[in-house]
file query_23.cif (mmCIF, C-alpha atoms)
data_structure
loop_
_atom_site.group_PDB
_atom_site.id
_atom_site.type_symbol
_atom_site.label_atom_id
_atom_site.label_comp_id
_atom_site.auth_asym_id
_atom_site.auth_seq_id
_atom_site.Cartn_x
_atom_site.Cartn_y
_atom_site.Cartn_z
ATOM 1 C CA MET C 1 -5.343 -9.865 12.617
ATOM 2 C CA SER C 2 -2.143 -9.317 10.679
ATOM 3 C CA SER C 3 -2.106 -7.861 7.205
ATOM 4 C CA PHE C 4 0.095 -8.785 4.291
ATOM 5 C CA THR C 5 0.624 -7.751 0.695
ATOM 6 C CA VAL C 6 0.679 -9.708 -2.535
ATOM 7 C CA PRO C 7 1.888 -8.643 -5.968
ATOM 8 C CA ILE C 8 -0.933 -8.237 -8.485
ATOM 9 C CA GLU C 9 -1.115 -6.814 -11.978
ATOM 10 C CA VAL C 10 -3.889 -4.451 -13.080
ATOM 11 C CA ALA C 11 -5.026 -3.459 -16.588
ATOM 12 C CA ALA C 12 -7.949 -1.827 -18.336
ATOM 13 C CA THR C 13 -8.398 -4.815 -20.673
ATOM 14 C CA SER C 14 -7.235 -8.427 -20.923
ATOM 15 C CA GLU C 15 -4.726 -7.376 -23.567
ATOM 16 C CA GLY C 16 -3.035 -4.930 -21.168
ATOM 17 C CA PRO C 17 -0.761 -3.186 -20.663
ATOM 18 C CA PHE C 18 -0.531 -4.341 -17.058
ATOM 19 C CA ILE C 19 1.002 -2.471 -14.125
ATOM 20 C CA GLN C 20 2.332 -4.507 -11.195
ATOM 21 C CA ILE C 21 1.515 -3.235 -7.712
ATOM 22 C CA ASP C 22 1.656 -4.629 -4.195
ATOM 23 C CA ALA C 23 -1.851 -4.845 -2.731
ATOM 24 C CA VAL C 24 -2.819 -5.311 0.910
ATOM 25 C CA VAL C 25 -5.097 -8.342 1.284
ATOM 26 C CA ASP C 26 -8.217 -6.929 2.949
ATOM 27 C CA THR C 27 -11.134 -9.327 3.411
ATOM 28 C CA GLY C 28 -13.017 -6.500 5.145
ATOM 29 C CA ALA C 29 -13.083 -4.534 1.891
ATOM 30 C CA PHE C 30 -15.711 -5.729 -0.570
ATOM 31 C CA TYR C 31 -14.101 -4.296 -3.730
ATOM 32 C CA SER C 32 -10.437 -3.952 -4.611
ATOM 33 C CA TRP C 33 -8.996 -0.432 -4.406
ATOM 34 C CA VAL C 34 -6.285 1.140 -6.585
ATOM 35 C CA PRO C 35 -5.102 4.767 -6.466
ATOM 36 C CA ARG C 36 -6.826 6.892 -9.096
ATOM 37 C CA SER C 37 -3.555 7.896 -10.810
ATOM 38 C CA ILE C 38 -2.691 4.263 -11.600
ATOM 39 C CA LEU C 39 -6.139 3.572 -13.047
ATOM 40 C CA GLU C 40 -6.027 6.764 -15.106
ATOM 41 C CA GLN C 41 -2.541 5.839 -16.376
ATOM 42 C CA LEU C 42 -4.058 2.572 -17.626
ATOM 43 C CA GLY C 43 -6.930 4.400 -19.333
ATOM 44 C CA VAL C 44 -9.623 3.117 -16.966
ATOM 45 C CA THR C 45 -12.602 5.470 -16.850
ATOM 46 C CA PRO C 46 -15.149 5.553 -14.018
ATOM 47 C CA ALA C 47 -18.364 3.653 -14.755
ATOM 48 C CA GLU C 48 -20.386 4.981 -11.821
ATOM 49 C CA VAL C 49 -20.116 6.387 -8.304
ATOM 50 C CA GLN C 50 -20.798 4.170 -5.305
ATOM 51 C CA ALA C 51 -21.340 5.059 -1.636
ATOM 52 C CA PHE C 52 -19.080 3.326 0.901
ATOM 53 C CA VAL C 53 -19.051 3.255 4.699
ATOM 54 C CA LEU C 54 -15.526 3.522 6.111
ATOM 55 C CA ALA C 55 -14.426 1.621 9.224
ATOM 56 C CA GLU C 56 -15.132 4.598 11.522
ATOM 57 C CA GLY C 57 -18.631 5.033 10.027
ATOM 58 C CA THR C 58 -18.012 7.907 7.594
ATOM 59 C CA ILE C 59 -19.871 7.659 4.273
ATOM 60 C CA VAL C 60 -17.800 8.502 1.195
ATOM 61 C CA HIS C 61 -18.551 8.382 -2.519
ATOM 62 C CA ARG C 62 -15.976 6.917 -4.897
ATOM 63 C CA ALA C 63 -15.891 6.086 -8.575
ATOM 64 C CA ILE C 64 -15.773 2.415 -9.574
ATOM 65 C CA ALA C 65 -15.035 0.592 -12.818
ATOM 66 C CA ALA C 66 -14.289 -2.877 -14.139
ATOM 67 C CA VAL C 67 -10.597 -3.737 -14.464
ATOM 68 C CA VAL C 68 -8.576 -6.865 -15.148
ATOM 69 C CA VAL C 69 -6.495 -8.265 -12.297
ATOM 70 C CA ARG C 70 -3.788 -10.845 -12.940
ATOM 71 C CA LEU C 71 -2.747 -12.935 -9.961
ATOM 72 C CA GLY C 72 -0.763 -16.162 -9.925
ATOM 73 C CA GLY C 73 -0.834 -16.447 -13.708
ATOM 74 C CA ARG C 74 -4.631 -16.128 -13.925
ATOM 75 C CA SER C 75 -6.708 -13.110 -14.957
ATOM 76 C CA ARG C 76 -10.179 -12.021 -13.870
ATOM 77 C CA HIS C 77 -12.395 -9.032 -14.540
ATOM 78 C CA THR C 78 -13.367 -7.395 -11.261
ATOM 79 C CA VAL C 79 -14.816 -4.203 -9.835
ATOM 80 C CA CYS C 80 -12.251 -1.699 -8.598
ATOM 81 C CA VAL C 81 -12.577 1.529 -6.609
ATOM 82 C CA PHE C 82 -10.741 4.666 -7.718
ATOM 83 C CA GLY C 83 -8.762 5.181 -4.515
ATOM 84 C CA ASP C 84 -7.435 8.374 -3.027
ATOM 85 C CA GLU C 85 -3.847 9.297 -3.802
ATOM 86 C CA GLY C 86 -1.377 8.149 -1.196
ATOM 87 C CA THR C 87 -3.497 5.182 -0.116
ATOM 88 C CA GLU C 88 -2.369 1.593 -0.432
ATOM 89 C CA PRO C 89 -3.923 -0.651 -3.072
ATOM 90 C CA LEU C 90 -6.274 -3.241 -1.566
ATOM 91 C CA LEU C 91 -7.171 -6.708 -2.783
ATOM 92 C CA GLY C 92 -10.790 -7.033 -1.666
ATOM 93 C CA ALA C 93 -13.090 -9.936 -0.888
ATOM 94 C CA LEU C 94 -14.936 -9.924 -4.230
ATOM 95 C CA THR C 95 -11.702 -10.261 -6.198
ATOM 96 C CA LEU C 96 -10.484 -13.012 -3.861
ATOM 97 C CA ASP C 97 -13.773 -14.869 -4.399
ATOM 98 C CA GLU C 98 -13.482 -14.477 -8.172
ATOM 99 C CA PHE C 99 -10.073 -16.166 -8.002
ATOM 100 C CA ALA C 100 -11.424 -18.820 -5.563
ATOM 101 C CA LEU C 101 -8.797 -17.843 -2.996
ATOM 102 C CA GLY C 102 -8.946 -17.977 0.765
ATOM 103 C CA VAL C 103 -6.691 -16.147 3.217
ATOM 104 C CA ASP C 104 -4.217 -17.592 5.711
ATOM 105 C CA PRO C 105 -3.565 -14.490 7.866
ATOM 106 C CA VAL C 106 -1.222 -16.300 10.273
ATOM 107 C CA ASN C 107 1.243 -17.233 7.538
ATOM 108 C CA GLY C 108 0.450 -14.259 5.293
ATOM 109 C CA ARG C 109 -0.566 -16.136 2.174
ATOM 110 C CA LEU C 110 -3.426 -16.824 -0.178
ATOM 111 C CA LEU C 111 -4.784 -20.361 -0.450
ATOM 112 C CA PRO C 112 -6.731 -21.990 -3.277
ATOM 113 C CA MET C 113 -10.233 -23.034 -2.336
ATOM 114 C CA PRO C 114 -10.552 -26.406 -4.103
ATOM 115 C CA LYS C 115 -14.199 -26.982 -3.188
ATOM 116 C CA LEU C 116 -16.576 -24.156 -3.955
ATOM 117 C CA ARG C 117 -20.113 -24.412 -2.638
ATOM 118 C CA MET C 118 -22.783 -24.144 -5.257
ATOM 119 C CA LEU C 119 -26.498 -24.571 -5.032
ATOM 120 C CA GLY C 120 -27.596 -27.173 -7.509
ATOM 121 C CA ASN C 121 -30.973 -27.939 -8.949
ATOM 122 C CA ARG C 122 -32.497 -30.142 -6.330
ATOM 123 C CA PRO C 123 -35.909 -31.710 -6.662
ATOM 124 C CA ALA C 124 -38.594 -29.782 -4.813
ATOM 125 C CA GLY C 125 -40.037 -31.467 -1.869
#
call {"tool": "encode", "arguments": {"input": "query_23.cif", "output": "structure tokens"}}
result
Amino acid sequence: MSSFTVPIEVAATSEGPFIQIDAVVDTGAFYSWVPRSILEQLGVTPAEVQAFVLAEGTIVHRAIAAVVVRLGGRSRHTVCVFGDEGTEPLLGALTLDEFALGVDPVNGRLLPMPKLRMLGNRPAG
């Protein structure tokens, strides 16, 4: 599958300031990932440490925190991993879901998901 990047803005709070970065769209990554130095520049402090399994099976521990991501004129709070320096920012599956966006990997673009599935209150029986 091909990969592509999209411009996003990241901030510690809804009021900003925001920093624009290019993030690789990675539906295989659960959380979004931003290099630690960018998050620290924004004043984001780690909330906790989470264990992650990398693609080759290695287990690593990384700090995570809530940040604000702005994409396509909309903003959402999302969980973000404090990434290693020198790594590319990633736009993960949770953040894509929070924006109700799907991925068109062939054409390298994000697509709105107009119909979101939701379980309703159905009568028992």
call {"tool": "resolve_selection", "arguments": {"input": "query_23.cif", "expression": "the PyMOL selection byres ((chain C and resi 102) around 10)", "output": "list in words"}}
result
Thr27, Ala93, Leu96, Asp97, Phe99, Ala100, Leu101, Val103, Asp104, Pro105, Arg109, Leu110, Leu111, Pro112, Met113 and Pro114 of chain C
call {"tool": "write_last_selection", "arguments": {"input": "query_23.cif", "atoms": "C-alpha atoms", "output": "mmCIF file, in the coordinates of the input"}}
result
data_model
loop_
_atom_site.group_PDB
_atom_site.id
_atom_site.type_symbol
_atom_site.label_atom_id
_atom_site.label_comp_id
_atom_site.auth_asym_id
_atom_site.auth_seq_id
_atom_site.Cartn_x
_atom_site.Cartn_y
_atom_site.Cartn_z
ATOM 1 C CA THR C 27 -11.134 -9.327 3.411
ATOM 2 C CA ALA C 93 -13.090 -9.936 -0.888
ATOM 3 C CA LEU C 96 -10.484 -13.012 -3.861
ATOM 4 C CA ASP C 97 -13.773 -14.869 -4.399
ATOM 5 C CA PHE C 99 -10.073 -16.166 -8.002
ATOM 6 C CA ALA C 100 -11.424 -18.820 -5.563
ATOM 7 C CA LEU C 101 -8.797 -17.843 -2.996
ATOM 8 C CA VAL C 103 -6.691 -16.147 3.217
ATOM 9 C CA ASP C 104 -4.217 -17.592 5.711
ATOM 10 C CA PRO C 105 -3.565 -14.490 7.866
ATOM 11 C CA ARG C 109 -0.566 -16.136 2.174
ATOM 12 C CA LEU C 110 -3.426 -16.824 -0.178
ATOM 13 C CA LEU C 111 -4.784 -20.361 -0.450
ATOM 14 C CA PRO C 112 -6.731 -21.990 -3.277
ATOM 15 C CA MET C 113 -10.233 -23.034 -2.336
ATOM 16 C CA PRO C 114 -10.552 -26.406 -4.103
#
call {"tool": "resolve_selection", "arguments": {"input": "query_23.cif", "expression": "the PyMOL selection byres ((chain C and resi 19) around 6)", "output": "PDB file with C-alpha atoms, in the frame of the given file"}}
result
ATOM      1  CA  GLU C   9      -1.115  -6.814 -11.978  1.00  0.00           C
ATOM      2  CA  VAL C  10      -3.889  -4.451 -13.080  1.00  0.00           C
ATOM      3  CA  PHE C  18      -0.531  -4.341 -17.058  1.00  0.00           C
ATOM      4  CA  GLN C  20       2.332  -4.507 -11.195  1.00  0.00           C
TER       5      GLN C  20
END
call {"tool": "atom_distance", "arguments": {"input": "query_23.cif", "atom1": "atom CA of Gly108 of chain C", "atom2": "atom CA of Val6 of chain C"}}
result
9.1 Å
call {"tool": "closest_residue", "arguments": {"input": "query_23.cif", "among": "C:Thr95, C:Thr87, C:Thr58, C:Ser37", "to": "Ser75 of chain C", "atoms": "only C-alpha atoms"}}
result
C:Thr95
call {"tool": "closest_residue", "arguments": {"input": "query_23.cif", "among": "C:Val81, C:Leu91, C:Val24, C:Ala11", "to": "Val60 of chain C", "atoms": "only C-alpha atoms"}}
result
C:Val81
call {"tool": "residues_around", "arguments": {"input": "query_23.cif", "residues": "Arg36 of chain C", "least_positions_apart": "3", "cutoff": "7 Å", "atoms": "only C-alpha atoms", "output": "ChimeraX atom specification"}}
result
/C:39-40,82-85
call {"tool": "closest_residue", "arguments": {"input": "query_23.cif", "among": "C:Val106, C:Leu71, C:Ala51, C:Ala12", "to": "Ile38 of chain C", "atoms": "all atoms listed in the file"}}
result
C:Ala12
call {"tool": "atom_distance", "arguments": {"input": "query_23.cif", "atom1": "atom CA of His77 of chain C", "atom2": "atom CA of Val49 of chain C"}}
result
18.3 Å
call {"tool": "resolve_selection", "arguments": {"input": "query_23.cif", "expression": "the PyMOL selection byres ((chain C and resi 7) around 6)", "output": "list in words"}}
result
Val6, Ile8, Ile21 and Asp22 of chain C
call {"tool": "axis_aligned_box", "arguments": {"input": "query_23.cif", "around": "segment 72-79 of chain C", "padding_each_side": "3 Å", "output": "AutoDock Vina command-line options"}}
result
--center_x -7.8 --center_y -10.3 --center_z -12.4 --size_x 20.1 --size_y 18.2 --size_z 11.1
call {"tool": "atom_distance", "arguments": {"input": "query_23.cif", "atom1": "atom CA of Gly57 of chain C", "atom2": "atom CA of Val25 of chain C"}}
result
20.9 Å
call {"tool": "closest_residue", "arguments": {"input": "query_23.cif", "among": "C:Gly72, C:Leu54, C:Asn107, C:Thr45", "to": "Thr13 of chain C", "atoms": "only C-alpha atoms"}}
result
C:Thr45
call {"tool": "closest_residue", "arguments": {"input": "query_23.cif", "among": "C:Glu98, C:Glu56, C:Glu48, C:Glu88", "to": "Trp33 of chain C", "atoms": "all atoms listed in the file"}}
result
C:Glu88
call {"tool": "closest_residue", "arguments": {"input": "query_23.cif", "among": "C:Pro46, C:Phe52, C:Thr78, C:Val34", "to": "Ile64 of chain C", "atoms": "all atoms listed in the file"}}
result
C:Pro46
call {"tool": "residues_around", "arguments": {"input": "query_23.cif", "residues": "Ala65 of chain C", "least_positions_apart": "5", "cutoff": "6 Å", "atoms": "all atoms listed in the file", "output": "PyMOL selection string"}}
result
chain C and resi 46-47+79-80
call {"tool": "write_last_selection", "arguments": {"input": "query_23.cif", "atoms": "C-alpha atoms", "output": "PDB file, in the frame of the given file"}}
result
ATOM      1  CA  PRO C  46     -15.149   5.553 -14.018  1.00  0.00           C
ATOM      2  CA  ALA C  47     -18.364   3.653 -14.755  1.00  0.00           C
ATOM      3  CA  VAL C  79     -14.816  -4.203  -9.835  1.00  0.00           C
ATOM      4  CA  CYS C  80     -12.251  -1.699  -8.598  1.00  0.00           C
TER       5      CYS C  80
END
call {"tool": "build_atoms", "arguments": {"input": "query_23.cif", "residues": "segment 88-110 of chain C", "atoms": "N, CA and C atoms", "output": "PDB file, in the frame of the given file"}}
result
ATOM      1  N   GLU C  88      -2.895   2.862   0.060  1.00  0.00           N
ATOM      2  CA  GLU C  88      -2.369   1.593  -0.432  1.00  0.00           C
ATOM      3  C   GLU C  88      -3.422   0.866  -1.266  1.00  0.00           C
ATOM      4  N   PRO C  89      -2.990   0.206  -2.333  1.00  0.00           N
ATOM      5  CA  PRO C  89      -3.923  -0.651  -3.072  1.00  0.00           C
ATOM      6  C   PRO C  89      -4.409  -1.774  -2.167  1.00  0.00           C
ATOM      7  N   LEU C  90      -5.674  -2.156  -2.345  1.00  0.00           N
ATOM      8  CA  LEU C  90      -6.274  -3.241  -1.566  1.00  0.00           C
ATOM      9  C   LEU C  90      -6.765  -4.328  -2.505  1.00  0.00           C
ATOM     10  N   LEU C  91      -6.593  -5.559  -2.097  1.00  0.00           N
ATOM     11  CA  LEU C  91      -7.171  -6.708  -2.783  1.00  0.00           C
ATOM     12  C   LEU C  91      -8.361  -7.133  -1.947  1.00  0.00           C
ATOM     13  N   GLY C  92      -9.574  -6.836  -2.436  1.00  0.00           N
ATOM     14  CA  GLY C  92     -10.790  -7.033  -1.666  1.00  0.00           C
ATOM     15  C   GLY C  92     -11.402  -8.417  -1.795  1.00  0.00           C
ATOM     16  N   ALA C  93     -12.439  -8.629  -0.989  1.00  0.00           N
ATOM     17  CA  ALA C  93     -13.090  -9.936  -0.888  1.00  0.00           C
ATOM     18  C   ALA C  93     -13.705 -10.408  -2.201  1.00  0.00           C
ATOM     19  N   LEU C  94     -14.326  -9.500  -2.967  1.00  0.00           N
ATOM     20  CA  LEU C  94     -14.936  -9.924  -4.230  1.00  0.00           C
ATOM     21  C   LEU C  94     -13.886 -10.482  -5.176  1.00  0.00           C
ATOM     22  N   THR C  95     -12.762  -9.792  -5.307  1.00  0.00           N
ATOM     23  CA  THR C  95     -11.702 -10.261  -6.198  1.00  0.00           C
ATOM     24  C   THR C  95     -11.139 -11.590  -5.710  1.00  0.00           C
ATOM     25  N   LEU C  96     -10.954 -11.732  -4.398  1.00  0.00           N
ATOM     26  CA  LEU C  96     -10.484 -13.012  -3.861  1.00  0.00           C
ATOM     27  C   LEU C  96     -11.461 -14.132  -4.197  1.00  0.00           C
ATOM     28  N   ASP C  97     -12.763 -13.865  -4.053  1.00  0.00           N
ATOM     29  CA  ASP C  97     -13.773 -14.869  -4.399  1.00  0.00           C
ATOM     30  C   ASP C  97     -13.724 -15.219  -5.878  1.00  0.00           C
ATOM     31  N   GLU C  98     -13.530 -14.225  -6.725  1.00  0.00           N
ATOM     32  CA  GLU C  98     -13.482 -14.477  -8.172  1.00  0.00           C
ATOM     33  C   GLU C  98     -12.298 -15.370  -8.553  1.00  0.00           C
ATOM     34  N   PHE C  99     -11.229 -15.304  -7.777  1.00  0.00           N
ATOM     35  CA  PHE C  99     -10.073 -16.166  -8.002  1.00  0.00           C
ATOM     36  C   PHE C  99     -10.158 -17.467  -7.200  1.00  0.00           C
ATOM     37  N   ALA C 100     -11.238 -17.652  -6.433  1.00  0.00           N
ATOM     38  CA  ALA C 100     -11.424 -18.820  -5.563  1.00  0.00           C
ATOM     39  C   ALA C 100     -10.242 -18.969  -4.609  1.00  0.00           C
ATOM     40  N   LEU C 101      -9.907 -17.853  -3.934  1.00  0.00           N
ATOM     41  CA  LEU C 101      -8.797 -17.843  -2.996  1.00  0.00           C
ATOM     42  C   LEU C 101      -9.285 -17.547  -1.586  1.00  0.00           C
ATOM     43  N   GLY C 102      -8.732 -18.256  -0.638  1.00  0.00           N
ATOM     44  CA  GLY C 102      -8.946 -17.977   0.765  1.00  0.00           C
ATOM     45  C   GLY C 102      -7.705 -17.316   1.330  1.00  0.00           C
ATOM     46  N   VAL C 103      -7.784 -16.884   2.590  1.00  0.00           N
ATOM     47  CA  VAL C 103      -6.691 -16.147   3.217  1.00  0.00           C
ATOM     48  C   VAL C 103      -6.194 -16.899   4.441  1.00  0.00           C
ATOM     49  N   ASP C 104      -4.880 -17.060   4.521  1.00  0.00           N
ATOM     50  CA  ASP C 104      -4.217 -17.592   5.711  1.00  0.00           C
ATOM     51  C   ASP C 104      -3.492 -16.413   6.359  1.00  0.00           C
ATOM     52  N   PRO C 105      -4.164 -15.694   7.291  1.00  0.00           N
ATOM     53  CA  PRO C 105      -3.565 -14.490   7.866  1.00  0.00           C
ATOM     54  C   PRO C 105      -2.378 -14.774   8.781  1.00  0.00           C
ATOM     55  N   VAL C 106      -2.317 -15.957   9.365  1.00  0.00           N
ATOM     56  CA  VAL C 106      -1.222 -16.300  10.273  1.00  0.00           C
ATOM     57  C   VAL C 106       0.090 -16.395   9.501  1.00  0.00           C
ATOM     58  N   ASN C 107       0.040 -17.044   8.346  1.00  0.00           N
ATOM     59  CA  ASN C 107       1.243 -17.233   7.538  1.00  0.00           C
ATOM     60  C   ASN C 107       1.360 -16.220   6.405  1.00  0.00           C
ATOM     61  N   GLY C 108       0.393 -15.307   6.301  1.00  0.00           N
ATOM     62  CA  GLY C 108       0.450 -14.259   5.293  1.00  0.00           C
ATOM     63  C   GLY C 108       0.477 -14.773   3.872  1.00  0.00           C
ATOM     64  N   ARG C 109      -0.523 -15.593   3.540  1.00  0.00           N
ATOM     65  CA  ARG C 109      -0.566 -16.136   2.174  1.00  0.00           C
ATOM     66  C   ARG C 109      -2.000 -16.387   1.733  1.00  0.00           C
ATOM     67  N   LEU C 110      -2.140 -16.485   0.426  1.00  0.00           N
ATOM     68  CA  LEU C 110      -3.426 -16.824  -0.178  1.00  0.00           C
ATOM     69  C   LEU C 110      -3.452 -18.322  -0.441  1.00  0.00           C
TER      70      LEU C 110
END
